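Enquirer: Below you'll find the structure I mean.
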Amino acid sequence: MNFWRAVQRELARSLDCTGRTARRDYLCFLSASTAAFSCLICMGLQAETPNLRVGLVLMTTALFYIPVTTAGVRRLHDTGETGLHMLEPLKPIATLSLLLLIVWLCVTGTVAGTVVGLISAMFFSSVVVMIASIAVLVTLFLTLASFSTVSGLLLMPAQPGPNEYGPNPLEVNL
C-alpha cells in the first residue's frame with residue numbers, strides 16, 4: 001500500500017474508533033497530518049490580529065485532534081491495548097487545570113478568600129509565582145512522560161492474528 005492510499009484510508013476512518021490500524025498506515029497518516037497541521041499553524045500565525053491568530057490555532061488544533069486520536073486508538077487496538085491510553089497525556093494537564101479552578105473558586109468565591117488572594121498577591125507574589133512555575137514544570141514533565149509511554153505503545157508491533165478489536169489488518173489485506 002502506498003503512502004497516499006494509507007493517508008486516504010485513515011482519513012476516511014477519522015471518526016471511527018473501532019477496528020485496527022497497521023503501524024505503517026498509522027505512521028503515514030501521522031506524518032501527513034503533522035505536515036498539514038504545521039503548514040496550517042504557520043499560515044494561522046500570519047493573521048493580522050492576536051485574537052484571530054489564537055482562534056485559528058485553536059480551530060486547527062481541534063480539527064486535527066480527533067482524526068489523529070482515533071487513528072491512535074485503532075493503532076493501540078492493533079497492538080492489543082485499549083484505546084484509553086490515548087488520554088494518558090491529558091491527565092496531568094487536566095489535574096493542574098482542576099486544581100487551579102478549585103483555587104480560583106476558593107479565592108473568588110468568598111470575601112475572605114478574595115482578601116487572602118489579594119494579600120498573597122501583594123506580599124508573597126514571588127512565592128506564588130515560584131509555586132505556580134514549579135506546578136507547571138511538574139505538569140509538563142508528567143505530560144511528556146505519559147506521552148513517551150503512549151508513543152512506545154503506538155510503535156509496538158501488531159498483535160498477530162485476530163484480537164478482541166478485529167482481524168489483523170496486515171493479514172486481511174494480503
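Ordering of the C-alpha cells sets the chain letters (A, B, ...), residue numbers begin anew at 1 in every chain, and ligands are numbered from 1 in the order given.
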Please provide the set of residues having any atom within 10 Å of segment 36-49 of chain A, restricted to only C-alpha atoms, with same-chain residues fewer than 3 positions apart removed, written as a list in words.
Expert: Leu30, Ser31, Ala32, Ser33, Leu52, Arg53, Val54, Gly55, Leu56, Val57, Leu58, Met59, Thr60, Thr61, Leu63, Phe64 and Tyr65 of chain A
Enquirer: Can I get the selected residues back with N, CA and C atoms, as a compact mmCIF listing (two decimals), in the first residue's frame?
Expert:
```
# COMPACT_ATOMS: atom_id res chain seq x y z
N LEU A 30 0.02 9.86 10.34
CA LEU A 30 0.55 10.79 11.33
C LEU A 30 1.52 11.79 10.70
N SER A 31 2.38 11.31 9.80
CA SER A 31 3.34 12.24 9.18
C SER A 31 2.63 13.22 8.25
N ALA A 32 1.63 12.76 7.50
CA ALA A 32 0.88 13.68 6.63
C ALA A 32 0.09 14.68 7.47
N SER A 33 -0.51 14.21 8.54
CA SER A 33 -1.28 15.11 9.42
C SER A 33 -0.38 16.14 10.09
N LEU A 52 -7.30 36.75 16.30
CA LEU A 52 -7.52 35.91 15.12
C LEU A 52 -6.48 34.78 15.08
N ARG A 53 -5.23 35.11 15.43
CA ARG A 53 -4.18 34.09 15.47
C ARG A 53 -4.54 32.98 16.44
N VAL A 54 -4.93 33.37 17.65
CA VAL A 54 -5.29 32.39 18.67
C VAL A 54 -6.48 31.55 18.20
N GLY A 55 -7.48 32.19 17.63
CA GLY A 55 -8.65 31.47 17.14
C GLY A 55 -8.30 30.47 16.06
N LEU A 56 -7.46 30.88 15.11
CA LEU A 56 -7.06 29.98 14.03
C LEU A 56 -6.24 28.81 14.55
N VAL A 57 -5.35 29.07 15.49
CA VAL A 57 -4.54 27.98 16.07
C VAL A 57 -5.43 27.00 16.83
N LEU A 58 -6.38 27.50 17.59
CA LEU A 58 -7.28 26.62 18.33
C LEU A 58 -8.18 25.81 17.39
N MET A 59 -8.69 26.44 16.34
CA MET A 59 -9.53 25.72 15.38
C MET A 59 -8.74 24.64 14.65
N THR A 60 -7.51 24.97 14.26
CA THR A 60 -6.67 24.00 13.57
C THR A 60 -6.36 22.82 14.49
N THR A 61 -6.06 23.11 15.74
CA THR A 61 -5.78 22.03 16.70
C THR A 61 -7.00 21.14 16.89
N LEU A 63 -9.40 20.69 14.77
CA LEU A 63 -9.65 19.99 13.51
C LEU A 63 -8.78 18.73 13.40
N PHE A 64 -7.55 18.79 13.85
CA PHE A 64 -6.63 17.67 13.71
C PHE A 64 -6.65 16.72 14.89
N TYR A 65 -7.14 17.15 16.04
CA TYR A 65 -7.07 16.33 17.24
C TYR A 65 -7.86 15.03 17.11
```
Enquirer: Using only C-alpha atoms, which protein or nucleic acid residues come within 9 Å of segment 85-102 of chain A? Drop anything in the same chain fewer than 3 positions from it, and give the result as an mmCIF file with N, CA and C atoms, in the first residue's frame.
Expert:
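Saved as around18.cif:
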```
data_model
loop_
_atom_site.group_PDB
_atom_site.id
_atom_site.type_symbol
_atom_site.label_atom_id
_atom_site.label_comp_id
_atom_site.auth_asym_id
_atom_site.auth_seq_id
_atom_site.Cartn_x
_atom_site.Cartn_y
_atom_site.Cartn_z
ATOM 1 N N THR A 69 -6.260 11.269 16.966
ATOM 2 C CA THR A 69 -6.535 10.480 18.170
ATOM 3 C C THR A 69 -7.248 9.176 17.827
ATOM 4 N N THR A 70 -8.227 9.228 16.944
ATOM 5 C CA THR A 70 -8.924 7.990 16.591
ATOM 6 C C THR A 70 -7.999 7.024 15.852
ATOM 7 N N GLY A 72 -4.839 6.815 16.451
ATOM 8 C CA GLY A 72 -4.032 6.270 17.544
ATOM 9 C C GLY A 72 -4.775 5.201 18.333
ATOM 10 N N VAL A 73 -6.069 5.408 18.534
ATOM 11 C CA VAL A 73 -6.879 4.407 19.236
ATOM 12 C C VAL A 73 -6.887 3.104 18.441
ATOM 13 N N LEU A 76 -3.537 1.416 18.773
ATOM 14 C CA LEU A 76 -3.403 0.724 20.059
ATOM 15 C C LEU A 76 -4.203 -0.578 20.045
ATOM 16 N N GLU A 81 -3.825 -3.296 22.943
ATOM 17 C CA GLU A 81 -4.029 -2.396 24.086
ATOM 18 C C GLU A 81 -5.360 -1.656 23.941
ATOM 19 N N THR A 82 -5.842 -1.114 25.036
ATOM 20 C CA THR A 82 -7.068 -0.324 24.999
ATOM 21 C C THR A 82 -6.769 1.077 24.456
ATOM 22 N N LEU A 105 -11.856 29.292 42.540
ATOM 23 C CA LEU A 105 -13.188 29.349 43.146
ATOM 24 C C LEU A 105 -13.113 29.648 44.636
ATOM 25 N N CYS A 106 -12.116 29.084 45.320
ATOM 26 C CA CYS A 106 -11.962 29.359 46.750
ATOM 27 C C CYS A 106 -11.587 30.823 46.991
ATOM 28 N N VAL A 107 -10.718 31.346 46.144
ATOM 29 C CA VAL A 107 -10.264 32.723 46.337
ATOM 30 C C VAL A 107 -11.353 33.721 45.975
ATOM 31 N N ALA A 135 4.649 24.014 39.641
ATOM 32 C CA ALA A 135 3.490 23.198 39.274
ATOM 33 C C ALA A 135 3.401 23.012 37.757
ATOM 34 N N VAL A 136 3.664 24.071 37.016
ATOM 35 C CA VAL A 136 3.615 23.977 35.551
ATOM 36 C C VAL A 136 4.740 23.076 35.037
ATOM 37 N N VAL A 138 6.261 20.597 36.665
ATOM 38 C CA VAL A 138 5.930 19.212 37.025
ATOM 39 C C VAL A 138 4.863 18.675 36.077
ATOM 40 N N THR A 139 3.871 19.497 35.762
ATOM 41 C CA THR A 139 2.825 19.090 34.821
ATOM 42 C C THR A 139 3.405 18.802 33.447
ATOM 43 N N LEU A 140 4.297 19.655 32.983
ATOM 44 C CA LEU A 140 4.946 19.445 31.689
ATOM 45 C C LEU A 140 5.752 18.152 31.686
ATOM 46 N N PHE A 141 6.506 17.905 32.747
ATOM 47 C CA PHE A 141 7.292 16.678 32.838
ATOM 48 C C PHE A 141 6.392 15.444 32.816
ATOM 49 N N LEU A 142 5.320 15.460 33.610
ATOM 50 C CA LEU A 142 4.414 14.311 33.658
ATOM 51 C C LEU A 142 3.698 14.097 32.322
ATOM 52 N N THR A 143 3.365 15.190 31.633
ATOM 53 C CA THR A 143 2.735 15.073 30.320
ATOM 54 C C THR A 143 3.696 14.436 29.318
ATOM 55 N N LEU A 144 4.949 14.885 29.317
ATOM 56 C CA LEU A 144 5.936 14.306 28.395
ATOM 57 C C LEU A 144 6.221 12.848 28.731
ATOM 58 N N ALA A 145 6.258 12.514 30.017
ATOM 59 C CA ALA A 145 6.474 11.123 30.412
ATOM 60 C C ALA A 145 5.308 10.252 29.944
ATOM 61 N N SER A 146 4.098 10.739 30.115
ATOM 62 C CA SER A 146 2.920 9.991 29.647
ATOM 63 C C SER A 146 2.933 9.862 28.130
ATOM 64 N N PHE A 147 3.304 10.933 27.457
ATOM 65 C CA PHE A 147 3.344 10.914 26.001
ATOM 66 C C PHE A 147 4.378 9.912 25.491
ATOM 67 N N SER A 148 5.523 9.835 26.149
ATOM 68 C CA SER A 148 6.542 8.892 25.694
ATOM 69 C C SER A 148 6.089 7.453 25.903
ATOM 70 N N THR A 149 5.360 7.193 26.962
ATOM 71 C CA THR A 149 4.838 5.848 27.194
ATOM 72 C C THR A 149 3.837 5.467 26.108
ATOM 73 N N VAL A 150 2.926 6.373 25.799
ATOM 74 C CA VAL A 150 1.929 6.108 24.762
ATOM 75 C C VAL A 150 2.607 5.969 23.400
ATOM 76 N N LEU A 153 3.876 2.536 23.019
ATOM 77 C CA LEU A 153 2.795 1.588 22.717
ATOM 78 C C LEU A 153 2.353 1.687 21.259
#
```
Enquirer: Please produce, as a Markdown table, a per-residue contact table for segment 10-102 of chain A versus segment 1-5 of chain A (criterion: any atom at most 9 Å away, only C-alpha atoms considered), showing the nearest atom pair and its distance in Å to one decimal, sorted by chain then residue number.
Expert:
```
| residue | atom | partner | partner_atom | distance |
| --- | --- | --- | --- | --- |
| A:Glu10 | CA | A:Arg5 | CA | 8.6 |
| A:Arg24 | CA | A:Phe3 | CA | 8.8 |
| A:Asp25 | CA | A:Phe3 | CA | 7.7 |
| A:Cys28 | CA | A:Phe3 | CA | 5.9 |
| A:Phe29 | CA | A:Phe3 | CA | 8.2 |
| A:Ala32 | CA | A:Trp4 | CA | 8.8 |
```
Enquirer: Could you write those residues out with C-alpha atoms, as a PDB file, in the first residue's frame?
Expert:
```pdb
ATOM      1  CA  GLU A  10      -7.099   6.577   7.638  1.00  0.00           C
ATOM      2  CA  ARG A  24       2.757   1.674   8.560  1.00  0.00           C
ATOM      3  CA  ASP A  25      -0.683   3.163   7.808  1.00  0.00           C
ATOM      4  CA  CYS A  28       1.909   7.570   7.081  1.00  0.00           C
ATOM      5  CA  PHE A  29      -1.255   9.257   8.351  1.00  0.00           C
ATOM      6  CA  ALA A  32       0.884  13.681   6.627  1.00  0.00           C
TER       7      ALA A  32
END
```
Enquirer: Hey, can you check how far atom CA of Ile66 of chain A sits from atom CA of Gly83 of chain A?
Expert: 13.0 Å
Enquirer: In Å, rounded to a single decimal, give me how far atom CA of Arg9 of chain A is from atom CA of Arg74 of chain A.
Expert: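 Those two atoms sit 12.6 Å apart.
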